[in-house]
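Trainee: Provided below: upload_28.txt, containing compact mmCIF, C-alpha atoms.
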# COMPACT_ATOMS: atom_id res chain seq x y z
CA MET A 4 30.95 112.29 28.24
CA ALA A 5 31.28 111.23 24.59
CA ASP A 6 34.51 109.39 25.44
CA ALA A 7 32.74 107.58 28.29
CA ARG A 8 29.89 106.55 26.00
CA SER A 9 32.32 105.27 23.35
CA ARG A 10 34.20 103.24 25.97
CA ILE A 11 30.94 101.70 27.18
CA GLN A 12 29.91 100.86 23.61
CA ALA A 13 33.27 99.12 23.12
CA LEU A 14 32.53 96.73 26.00
CA SER A 15 31.06 93.28 25.45
CA PRO A 16 27.23 93.06 25.44
CA ASP A 17 27.31 91.22 28.77
CA ARG A 18 29.39 93.92 30.45
CA ARG A 19 27.17 96.67 28.99
CA ALA A 20 24.11 94.86 30.38
CA LEU A 21 25.71 94.73 33.82
CA ILE A 22 26.51 98.48 33.69
CA ASP A 23 22.93 99.24 32.56
CA ALA A 24 21.55 97.21 35.50
CA LEU A 25 23.77 99.02 37.99
CA ALA A 26 22.93 102.43 36.48
CA ALA A 27 19.24 101.66 36.86
CA GLY A 28 19.79 100.88 40.53
CA ARG A 29 19.35 97.12 40.08
CA ARG A 30 21.90 94.83 41.69
CA PRO A 31 22.38 91.47 40.00
CA ASP A 32 20.46 88.80 41.87
CA ARG A 33 23.19 86.87 43.69
CA ALA A 34 22.55 83.15 44.17
CA PRO A 35 24.61 80.36 45.77
CA THR A 36 26.46 77.74 43.73
CA THR A 37 27.27 74.05 44.19
CA ALA A 38 30.58 72.31 44.79
CA ALA A 39 30.63 71.10 41.18
CA GLN A 40 30.06 74.64 39.89
CA GLU A 41 32.95 75.88 42.03
CA ARG A 42 35.33 73.38 40.43
CA TYR A 43 34.06 74.05 36.89
CA TRP A 44 34.49 77.77 37.55
CA ARG A 45 38.11 77.34 38.65
CA LEU A 46 38.90 75.19 35.60
CA ASN A 47 37.20 77.70 33.32
CA GLN A 48 39.05 80.69 34.73
CA ALA A 49 42.36 78.82 34.39
CA ASP A 50 41.64 78.37 30.66
CA PRO A 51 38.35 79.78 29.25
CA ALA A 52 39.24 78.36 25.83
CA ASP A 53 39.31 74.74 27.05
CA PRO A 54 36.45 73.03 25.15
CA ARG A 55 36.34 69.89 27.31
CA TYR A 56 33.63 71.37 29.52
CA LEU A 57 31.37 72.44 26.65
CA TRP A 58 28.76 70.07 25.26
CA PRO A 59 27.63 70.82 21.68
CA TRP A 60 24.61 69.26 20.04
CA ALA A 61 23.07 69.97 16.63
CA LEU A 62 19.46 69.64 15.50
CA SER A 63 18.55 69.51 11.79
CA LEU A 64 15.39 71.47 10.91
CA ARG A 65 14.02 70.76 7.41
CA GLY A 66 11.08 72.71 6.04
CA PRO A 67 9.71 76.27 6.23
CA LEU A 68 11.38 77.37 9.46
CA ASP A 69 9.98 80.47 11.16
CA THR A 70 13.30 81.98 12.26
CA ASP A 71 11.60 84.72 14.27
CA ALA A 72 9.58 82.13 16.20
CA LEU A 73 12.74 80.09 16.78
CA GLY A 74 14.53 83.15 18.12
CA ARG A 75 11.65 83.87 20.49
CA ALA A 76 11.61 80.22 21.60
CA VAL A 77 15.33 80.23 22.38
CA ARG A 78 15.03 83.47 24.37
CA SER A 79 12.00 82.09 26.24
CA VAL A 80 13.87 78.93 27.25
CA LEU A 81 16.88 80.94 28.41
CA ASN A 82 14.67 83.23 30.49
CA ARG A 83 12.73 80.26 31.90
CA HIS A 84 15.92 78.76 33.37
CA ASP A 85 17.75 81.56 35.18
CA LEU A 86 21.03 79.65 35.27
CA LEU A 87 21.28 80.10 31.48
CA THR A 88 21.27 83.91 31.69
CA SER A 89 23.80 84.16 34.52
CA THR A 90 27.48 84.86 34.84
CA PHE A 91 29.64 83.76 37.76
CA ARG A 92 31.94 85.72 40.02
CA ARG A 93 33.80 85.30 43.30
CA GLN A 94 32.66 87.80 45.90
CA ASP A 95 33.35 87.79 49.65
CA GLY A 96 35.46 84.67 49.23
CA GLU A 97 32.66 82.62 47.61
CA LEU A 98 31.50 81.87 44.09
CA TRP A 99 28.11 83.33 43.22
CA GLN A 100 25.69 82.99 40.33
CA LEU A 101 24.80 86.50 39.14
CA ARG A 102 21.34 86.17 37.66
CA GLY A 103 20.31 88.21 34.66
CA THR A 104 23.81 89.48 33.83
CA ALA A 105 23.91 87.64 30.47
CA PRO A 106 20.71 88.70 28.66
CA ALA A 107 18.87 86.03 26.64
CA ARG A 108 19.59 86.24 22.91
CA GLY A 109 18.35 84.27 19.95
CA PRO A 110 20.78 82.28 17.82
CA ARG A 111 23.27 84.03 15.56
CA LEU A 112 22.70 83.19 11.89
CA VAL A 113 25.57 81.70 9.87
CA GLU A 114 25.35 80.88 6.16
CA VAL A 115 26.80 77.45 5.33
CA PRO A 116 27.17 76.98 1.56
CA ASP A 117 29.04 73.66 1.62
CA GLY A 118 26.51 71.26 3.15
CA PRO A 119 27.28 68.63 5.80
CA GLY A 120 31.01 69.33 5.75
CA GLY A 121 30.34 72.97 6.54
CA VAL A 122 27.99 72.00 9.35
CA GLN A 123 30.69 69.88 10.98
CA ARG A 124 33.19 72.71 10.57
CA GLU A 125 30.84 75.15 12.29
CA ILE A 126 30.08 72.74 15.16
CA GLU A 127 33.80 72.50 15.83
CA ARG A 128 34.24 76.26 15.53
CA VAL A 129 31.42 76.89 18.03
CA ASN A 130 32.89 74.44 20.53
CA ARG A 131 36.47 75.68 20.22
CA ARG A 132 35.40 79.29 20.79
CA GLY A 133 35.36 78.52 24.51
CA ARG A 134 33.44 80.44 27.14
CA ASP A 135 34.50 82.91 29.84
CA LEU A 136 31.92 82.36 32.56
CA ALA A 137 32.83 85.61 34.30
CA ARG A 138 31.29 87.57 31.43
CA GLN A 139 29.47 85.14 29.14
CA ALA A 140 26.38 82.98 29.58
CA PRO A 141 26.86 79.22 29.93
CA VAL A 142 24.92 78.63 26.69
CA ASP A 143 25.59 79.75 23.13
CA THR A 144 23.27 79.09 20.15
CA THR A 145 23.94 79.31 16.42
CA LEU A 146 21.55 78.75 13.49
CA LEU A 147 23.28 77.36 10.40
CA ARG A 148 21.46 78.09 7.12
CA LEU A 149 22.21 75.56 4.38
CA GLY A 150 19.32 76.61 2.14
CA PRO A 151 15.85 78.21 2.24
CA ASP A 152 14.30 75.16 3.91
CA GLU A 153 17.33 73.55 5.50
CA HIS A 154 18.80 74.71 8.81
CA VAL A 155 20.80 73.25 11.69
CA LEU A 156 20.51 74.64 15.21
CA VAL A 157 23.69 74.27 17.26
CA ALA A 158 23.64 74.74 21.03
CA ASP A 159 26.76 74.60 23.16
CA ILE A 160 26.18 74.48 26.94
CA HIS A 161 28.91 74.59 29.57
CA ALA A 162 29.03 71.87 32.23
CA ILE A 163 28.52 74.49 34.95
CA ALA A 164 24.85 74.59 33.86
CA ASN A 165 24.37 71.24 32.19
CA ASP A 166 24.10 67.46 32.34
CA ALA A 167 22.46 64.82 30.11
CA TRP A 168 19.06 65.28 31.77
CA SER A 169 19.30 69.04 31.25
CA MET A 170 19.95 68.60 27.54
CA ARG A 171 16.65 66.76 27.20
CA LEU A 172 14.84 69.50 29.14
CA PHE A 173 16.38 72.18 26.93
CA LEU A 174 15.22 70.37 23.77
CA ASP A 175 11.69 69.69 25.03
CA ASP A 176 11.24 73.25 26.28
CA LEU A 177 12.52 74.66 22.99
CA ALA A 178 10.09 72.60 20.94
CA ALA A 179 7.18 73.48 23.24
CA HIS A 180 7.85 77.22 22.98
CA TYR A 181 8.28 77.06 19.17
CA ASN A 182 5.03 75.10 18.86
CA GLY A 183 3.14 77.65 20.96
CA SER A 184 2.54 75.37 23.95
CA PRO A 185 5.10 76.45 26.57
CA PRO A 186 5.02 74.88 30.06
CA ALA A 187 2.54 76.64 32.35
CA THR A 188 4.79 76.85 35.40
CA ARG A 189 8.37 77.96 35.92
CA PRO A 190 10.82 75.42 37.36
CA VAL A 191 12.39 75.84 40.77
CA PRO A 192 15.62 77.88 40.40
CA PHE A 193 18.79 75.78 40.41
CA ALA A 194 20.03 78.00 43.24
CA GLU A 195 17.55 76.29 45.58
CA HIS A 196 19.36 73.01 44.96
CA ALA A 197 22.67 74.78 45.63
CA ALA A 198 21.36 76.21 48.92
CA ARG A 199 20.01 72.81 49.93
CA GLN A 200 23.39 71.23 49.21
CA ARG A 201 25.17 73.81 51.35
CA ARG A 202 22.85 73.13 54.27
CA TRP A 203 23.28 69.36 53.90
CA LEU A 204 27.08 69.67 53.81
CA ALA A 205 26.97 71.26 57.27
CA GLY A 206 25.19 68.22 58.74
CA GLU A 207 26.21 64.92 60.30
CA GLU A 208 25.30 62.75 57.31
CA ALA A 209 27.76 64.63 55.09
CA GLU A 210 30.53 63.99 57.59
CA ARG A 211 29.58 60.30 57.82
CA GLN A 212 29.76 59.95 54.04
CA ALA A 213 33.10 61.78 54.00
CA ARG A 214 34.51 59.27 56.49
CA HIS A 215 33.27 56.44 54.27
CA TRP A 216 35.23 57.80 51.30
CA ASP A 217 38.31 58.26 53.49
CA ARG A 218 38.20 54.53 54.22
CA ALA A 219 37.09 53.35 50.79
CA LEU A 220 39.81 55.26 48.93
CA ALA A 221 42.62 54.87 51.46
CA GLY A 222 45.87 53.96 49.73
CA LEU A 223 44.37 54.77 46.34
CA PRO A 224 46.91 53.93 43.62
CA LEU A 225 47.59 57.47 42.40
CA ALA A 226 50.69 57.01 40.30
CA PRO A 227 51.81 60.21 38.52
CA ARG A 228 49.51 60.64 35.54
CA PRO A 229 49.87 63.18 32.75
CA ALA A 230 46.86 65.25 31.85
CA VAL A 231 44.67 63.79 29.12
CA PRO A 232 46.73 64.31 25.91
CA GLY A 233 45.98 67.41 23.93
CA GLY A 234 45.40 70.82 25.43
CA ALA A 235 42.87 73.47 24.68
CA ALA A 236 44.99 74.61 21.73
CA ASP A 237 44.19 71.48 19.72
CA GLY A 238 40.90 70.79 21.43
CA PRO A 239 41.80 67.43 23.13
CA ARG A 240 40.17 65.71 20.19
CA CYS A 241 38.36 62.53 21.07
CA VAL A 242 38.09 59.36 19.04
CA VAL A 243 34.97 57.19 19.35
CA GLN A 244 35.21 53.48 18.57
CA ARG A 245 32.37 50.96 18.66
CA ALA A 246 31.88 47.23 18.96
CA ASP A 247 28.69 45.16 18.81
CA VAL A 248 28.10 42.18 21.09
CA PRO A 249 25.59 39.75 19.47
CA ALA A 250 21.98 39.38 20.55
CA GLY A 251 21.41 37.21 23.58
CA VAL A 252 24.24 38.57 25.68
CA MET A 253 21.91 40.70 27.82
CA ASP A 254 19.94 37.59 28.75
CA GLY A 255 23.20 36.14 30.07
CA VAL A 256 24.03 39.40 31.87
CA ARG A 257 20.66 39.37 33.62
CA ALA A 258 20.94 35.68 34.49
CA ILE A 259 24.35 35.91 36.15
CA GLY A 260 23.26 39.14 37.81
CA ARG A 261 20.22 37.46 39.35
CA ARG A 262 22.40 34.71 40.81
CA ALA A 263 24.70 37.33 42.36
CA GLY A 264 21.90 39.71 43.35
CA ALA A 265 23.26 42.31 40.92
CA THR A 266 21.70 44.67 38.39
CA PRO A 267 22.89 44.69 34.74
CA PHE A 268 24.92 47.83 35.52
CA MET A 269 26.70 46.11 38.41
CA THR A 270 27.32 43.00 36.31
CA LEU A 271 28.76 44.78 33.28
CA TYR A 272 30.84 47.12 35.43
CA ALA A 273 32.35 44.20 37.37
CA LEU A 274 33.26 42.31 34.20
CA PHE A 275 34.69 45.49 32.66
CA ALA A 276 36.85 45.99 35.77
CA ASP A 277 38.09 42.40 35.47
CA VAL A 278 39.02 42.92 31.82
CA LEU A 279 40.77 46.17 32.76
CA GLY A 280 42.74 44.30 35.42
CA THR A 281 43.84 41.67 32.93
CA LEU A 282 44.92 44.31 30.43
CA THR A 283 46.87 46.45 32.93
CA GLY A 284 48.20 43.69 35.19
CA ARG A 285 46.64 45.37 38.25
CA THR A 286 44.26 43.92 40.82
CA ASP A 287 43.16 47.19 42.49
CA ILE A 288 40.83 48.66 39.86
CA VAL A 289 39.43 52.19 40.27
CA VAL A 290 36.75 53.38 37.86
CA ALA A 291 34.47 56.43 37.83
CA SER A 292 30.75 56.39 37.18
CA SER A 293 27.93 58.83 37.87
CA VAL A 294 24.52 59.29 39.49
CA SER A 295 21.84 61.75 38.39
CA GLY A 296 21.82 63.74 41.65
CA ARG A 297 18.11 64.52 41.15
CA ASP A 298 16.82 63.04 44.38
CA THR A 299 13.60 65.06 44.72
CA PRO A 300 10.71 65.60 42.26
CA ASP A 301 11.23 69.37 42.22
CA THR A 302 14.59 68.88 40.45
CA HIS A 303 13.15 66.96 37.50
CA GLN A 304 12.30 70.07 35.45
CA VAL A 305 15.38 72.12 36.35
CA ILE A 306 18.34 72.70 34.03
CA GLY A 307 21.65 72.51 35.88
CA CYS A 308 24.64 70.35 36.75
CA PHE A 309 23.03 67.90 39.18
CA VAL A 310 25.01 64.82 38.13
CA ASN A 311 27.54 63.59 40.69
CA ARG A 312 30.58 61.42 39.98
CA VAL A 313 31.29 58.42 42.17
CA VAL A 314 34.40 56.26 42.47
CA LEU A 315 34.05 52.48 42.20
CA ARG A 316 36.93 50.42 43.57
CA VAL A 317 37.14 46.65 43.35
CA ASP A 318 39.75 43.94 43.94
CA VAL A 319 39.93 41.58 40.94
CA GLY A 320 42.83 39.56 42.33
CA GLY A 321 42.98 35.78 42.50
CA THR A 322 41.16 33.55 40.03
CA PRO A 323 37.50 34.36 40.64
CA GLY A 324 34.81 33.17 38.28
CA ASP A 325 32.25 35.46 36.70
CA GLN A 326 29.80 35.14 39.59
CA GLU A 327 32.41 36.01 42.23
CA ILE A 328 33.61 39.01 40.23
CA VAL A 329 30.02 40.22 39.93
CA ARG A 330 29.49 39.83 43.69
CA ARG A 331 32.55 41.98 44.32
CA GLY A 332 31.38 44.57 41.83
CA ARG A 333 27.92 44.62 43.41
CA ALA A 334 29.42 45.34 46.84
CA SER A 335 31.51 48.17 45.38
CA VAL A 336 28.52 49.78 43.67
CA LEU A 337 26.21 49.46 46.68
CA ALA A 338 28.76 51.12 48.96
CA ALA A 339 29.30 53.97 46.50
CA LEU A 340 25.58 54.59 45.97
CA ALA A 341 24.93 54.63 49.71
CA ASN A 342 27.40 57.53 49.96
CA ALA A 343 26.74 59.23 46.63
CA ARG A 344 25.25 62.46 47.95
CA LEU A 345 28.60 63.87 49.04
CA PRO A 346 29.82 66.01 46.12
CA PHE A 347 32.68 64.41 44.22
CA GLU A 348 34.66 67.62 44.62
CA HIS A 349 34.63 67.21 48.41
CA VAL A 350 35.86 63.63 48.04
CA VAL A 351 38.76 64.80 45.88
CA ARG A 352 39.74 67.56 48.33
CA ARG A 353 39.86 65.05 51.20
CA VAL A 354 41.50 62.12 49.43
CA ALA A 355 43.85 63.76 46.91
CA PRO A 356 43.63 67.58 46.92
CA HIS A 357 46.53 67.84 44.45
CA GLU A 358 44.20 66.19 41.85
CA TYR A 359 41.45 68.80 42.21
CA HIS A 360 42.36 70.71 39.04
CA ARG A 361 42.81 67.65 36.85
CA PRO A 362 40.14 67.04 34.18
CA ALA A 363 39.57 63.56 35.65
CA PRO A 364 40.61 63.41 39.32
CA LEU A 365 41.27 60.11 41.15
CA THR A 366 40.79 57.99 38.02
CA ASP A 367 40.81 58.79 34.31
CA VAL A 368 38.72 55.73 33.39
CA MET A 369 34.92 55.93 33.41
CA PHE A 370 32.19 53.35 32.88
CA VAL A 371 28.63 54.26 31.84
CA TYR A 372 25.64 51.92 31.47
CA ASP A 373 23.02 53.52 29.23
CA ASP A 374 19.86 51.43 29.44
CA GLN A 375 17.82 54.25 27.86
CA ASP A 376 19.46 53.79 24.43
CA GLY A 377 20.71 57.37 24.55
CA ARG A 378 17.33 58.87 25.46
CA ALA A 379 18.68 60.35 28.71
CA ALA A 380 20.73 62.84 26.68
CA THR A 381 18.88 63.26 23.41
CA GLY A 382 16.84 60.29 22.16
CA ALA A 383 14.20 60.96 19.53
CA ALA A 384 14.44 64.47 18.12
CA PRO A 385 11.73 66.81 19.43
CA ARG A 386 8.88 67.70 17.07
CA PHE A 387 8.70 71.21 15.65
CA THR A 388 5.42 72.08 13.93
CA GLY A 389 5.76 71.89 10.15
CA LEU A 390 9.36 70.67 10.24
CA GLU A 391 11.26 67.41 9.95
CA THR A 392 13.80 67.14 12.76
CA SER A 393 16.77 64.87 13.35
CA PHE A 394 20.00 65.02 15.30
CA VAL A 395 23.30 65.71 13.57
CA GLU A 396 26.08 63.68 15.18
CA PRO A 397 29.15 65.87 15.75
CA GLU A 398 32.34 64.47 14.28
CA TYR A 399 34.37 66.71 16.56
CA ARG A 400 34.41 65.54 20.18
CA THR A 401 36.53 66.14 23.23
CA THR A 402 37.19 64.08 26.33
CA ARG A 403 38.34 64.54 29.92
CA PHE A 404 39.18 60.84 30.32
CA ALA A 405 41.87 58.50 29.05
CA LEU A 406 39.02 56.05 28.47
CA LEU A 407 35.24 56.27 28.77
CA LEU A 408 33.37 53.05 28.02
CA THR A 409 29.62 53.11 27.45
CA ALA A 410 27.62 49.87 27.38
CA ARG A 411 24.24 50.33 25.69
CA PRO A 412 21.67 47.55 25.18
CA VAL A 413 19.54 48.18 22.08
CA PRO A 414 16.04 46.87 21.22
CA SER A 415 17.41 44.20 18.87
CA GLY A 416 18.97 42.47 21.88
CA ARG A 417 22.53 43.42 20.99
CA LEU A 418 24.89 45.25 23.35
CA VAL A 419 26.67 48.21 21.80
CA LEU A 420 30.00 49.22 23.33
CA GLU A 421 31.46 52.68 22.73
CA ALA A 422 34.99 53.64 23.76
CA HIS A 423 35.84 57.36 23.91
CA CYS A 424 39.52 58.20 24.17
CA PRO A 425 42.05 60.88 23.16
CA GLY A 426 43.15 60.66 19.55
CA ASP A 427 46.86 59.94 20.03
CA PRO A 428 48.03 56.49 18.80
CA HIS A 429 48.79 55.07 22.26
CA HIS A 430 45.33 55.74 23.67
CA VAL A 431 43.62 54.60 20.48
CA ARG A 432 45.48 51.26 20.47
CA THR A 433 44.73 50.73 24.17
CA ALA A 434 41.03 51.51 23.69
CA GLN A 435 40.81 49.19 20.70
CA GLU A 436 42.37 46.32 22.65
CA LEU A 437 40.11 46.92 25.67
CA LEU A 438 37.03 47.14 23.46
CA HIS A 439 37.99 43.86 21.75
CA ARG A 440 38.52 42.08 25.06
CA CYS A 441 35.29 43.42 26.56
CA ALA A 442 33.29 42.31 23.53
CA LEU A 443 34.74 38.79 23.81
CA ARG A 444 34.18 38.63 27.57
CA PHE A 445 30.58 39.82 27.38
CA ALA A 446 29.81 37.52 24.44
CA ARG A 447 30.78 34.55 26.61
CA LEU A 448 27.71 35.24 28.74
CA ARG A 449 25.27 34.16 26.03
CA GLY A 450 23.38 31.21 27.43
CA ALA A 451 24.92 31.67 30.89
In structure tokens, write the structure found in this file.

Mentor:
Amino acid sequence: MADARSRIQALSPDRRALIDALAAGRRPDRAPTTAAQERYWRLNQADPADPRYLWPWALSLRGPLDTDALGRAVRSVLNRHDLLTSTFRRQDGELWQLRGTAPARGPRLVEVPDGPGGVQREIERVNRRGRDLARQAPVDTTLLRLGPDEHVLVADIHAIANDAWSMRLFLDDLAAHYNGSPPATRPVPFAEHAARQRRWLAGEEAERQARHWDRALAGLPLAPRPAVPGGAADGPRCVVQRADVPAGVMDGVRAIGRRAGATPFMTLYALFADVLGTLTGRTDIVVASSVSGRDTPDTHQVIGCFVNRVVLRVDVGGTPGDQEIVRRGRASVLAALANARLPFEHVVRRVAPHEYHRPAPLTDVMFVYDDQDGRAATGAAPRFTGLETSFVEPEYRTTRFALLLTARPVPSGRLVLEAHCPGDPHHVRTAQELLHRCALRFARLRGA
């Protein structure tokens, strides 16, 4: 018996919790998962140390922090959103969310004696630790102590339970619980969205959308592509480069968009695709983008991976002017959005199943239009009673794409372009050239 107890004590806390639940006659609450969670699970089990599917953020807390209250707040948020205290396991041929098998814990405390440099080192260390979703929760929190009244809270959430909207919910809930004003009602479990998706996938509309993608992506130019440089061993480190387009350009974007019946997103995407075609010498341009996936009000307070990726394909051949290019881009976006409920993972399995396990299937270029000036993901730091709060920008980043371009209009009227790419010289030079060309092309729209 003593040997059995010692073996149990040697297990991880998550495994001990599962054994305790079973010994008490409680079976883990099994809940369905989504198509996106299935793919993230497979990628995670192939390499739990791969940090590309973990999203770290860091919040500076200056002042007399009540660490006990913060610990209670973190545990309350984790318990409020059942996805954050779950592990995942395949049973009966399907992937299931096992609720309550990863008990909520407050942040671990780490002393950081060397200031901002130490904070950046710890953010990287947290992210590179990886996560085995079969036995660990999707979220990990660490409290860095720089001094008596200076702390940084680091949270690292896996994509299986996360998107930009969810990050904002996590932050707002955390502040509310710390301040003693937690939300009065619990959100709908993410599993209800998963069950709804499964029912929808069995219907006629899902099949209609699948046929659309068969046609839209027929003959997709899928030349052999290496994985994004850098493996989990060196963290596929990402480089972020920026360019500013002068004030006035967004007025031109809106003007040409109105003439073509296009939104600013459609307009900037179309012009980006045209620049990409000029740079690569191709006319068939395939770019990824995303939609929130939160189609009903009951999803707005739920933490989970709702976001769905869509594929935008446009022909930039010939010598079209700006307005014609924008019309083509508009048509591409409208068709994609009309069929955006079908999970991206199902599209990949139908169109190019051999790409399913790639970090960026179908295309490794992504375009994002952020008209919220970053507020969708983080925005203004949440207020904690008695503390000054601000975000700490991580220097260590990873990427799943060869290029991710974000176009962000800011209140001054400027357009900020951000290019995320792997850190090897080839990708950095390519991103720099593309960023330069995009900035010039967009700047031409002033006064359009």

Trainee: Atom CA of A:Leu174 and atom CA of A:Val77, how far apart in Å?

Mentor: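 Pair atom CA of A:Val77 / atom CA of A:Leu174 returns 10.0 Å.
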
Trainee: Which residue gives the smallest distance to A:Gly296 among A:Asp166, A:Asp152, A:Glu114, A:Glu436, with only C-alpha atoms counted?

Mentor: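 Result for the nearest residue to A:Gly296: A:Asp166.
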
Trainee: Please list as an MDAnalysis selection string every residue within 9 Å of stretch 389-406 of chain A, counting all atoms listed in the file and excluding residues in the same chain fewer than 5 positions away.

Mentor: chainID A and resid 54:68 122:124 126:127 130 155 230:232 238:243 361:363 366:370 381:384 422:425 430 433:434

Trainee: Take the selection from the previous step and output its residues with C-alpha atoms, as a tab-separated table (two decimals), in the frame of the given file.

Mentor:
chain	number	residue	atom	x	y	z
A	54	PRO	CA	36.45	73.03	25.15
A	55	ARG	CA	36.34	69.89	27.31
A	56	TYR	CA	33.63	71.37	29.52
A	57	LEU	CA	31.37	72.44	26.65
A	58	TRP	CA	28.76	70.07	25.26
A	59	PRO	CA	27.63	70.82	21.68
A	60	TRP	CA	24.61	69.26	20.04
A	61	ALA	CA	23.07	69.97	16.63
A	62	LEU	CA	19.46	69.64	15.50
A	63	SER	CA	18.55	69.51	11.79
A	64	LEU	CA	15.39	71.47	10.91
A	65	ARG	CA	14.02	70.76	7.41
A	66	GLY	CA	11.08	72.71	6.04
A	67	PRO	CA	9.71	76.27	6.23
A	68	LEU	CA	11.38	77.37	9.46
A	122	VAL	CA	27.99	72.00	9.35
A	123	GLN	CA	30.69	69.88	10.98
A	124	ARG	CA	33.19	72.71	10.57
A	126	ILE	CA	30.08	72.74	15.16
A	127	GLU	CA	33.80	72.50	15.83
A	130	ASN	CA	32.89	74.44	20.53
A	155	VAL	CA	20.80	73.25	11.69
A	230	ALA	CA	46.86	65.25	31.85
A	231	VAL	CA	44.67	63.79	29.12
A	232	PRO	CA	46.73	64.31	25.91
A	238	GLY	CA	40.90	70.79	21.43
A	239	PRO	CA	41.80	67.43	23.13
A	240	ARG	CA	40.17	65.71	20.19
A	241	CYS	CA	38.36	62.53	21.07
A	242	VAL	CA	38.09	59.36	19.04
A	243	VAL	CA	34.97	57.19	19.35
A	361	ARG	CA	42.81	67.65	36.85
A	362	PRO	CA	40.14	67.04	34.18
A	363	ALA	CA	39.57	63.56	35.65
A	366	THR	CA	40.79	57.99	38.02
A	367	ASP	CA	40.81	58.79	34.31
A	368	VAL	CA	38.72	55.73	33.39
A	369	MET	CA	34.92	55.93	33.41
A	370	PHE	CA	32.19	53.35	32.88
A	381	THR	CA	18.88	63.26	23.41
A	382	GLY	CA	16.84	60.29	22.16
A	383	ALA	CA	14.20	60.96	19.53
A	384	ALA	CA	14.44	64.47	18.12
A	422	ALA	CA	34.99	53.64	23.76
A	423	HIS	CA	35.84	57.36	23.91
A	424	CYS	CA	39.52	58.20	24.17
A	425	PRO	CA	42.05	60.88	23.16
A	430	HIS	CA	45.33	55.74	23.67
A	433	THR	CA	44.73	50.73	24.17
A	434	ALA	CA	41.03	51.51	23.69

Trainee: What is the atom CA of A:Arg344 to atom CA of A:Ala291 distance in Å?

Mentor: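 Spanning atom CA of A:Arg344 to atom CA of A:Ala291 is a straight-line distance of 15.0 Å.
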
Trainee: Just to confirm, what's the straight-line distance from atom CA of A:Arg134 to atom CA of A:Asp53 in Å (one decimal)?

Mentor: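 Atom CA of A:Arg134 sits 8.2 Å away from atom CA of A:Asp53.
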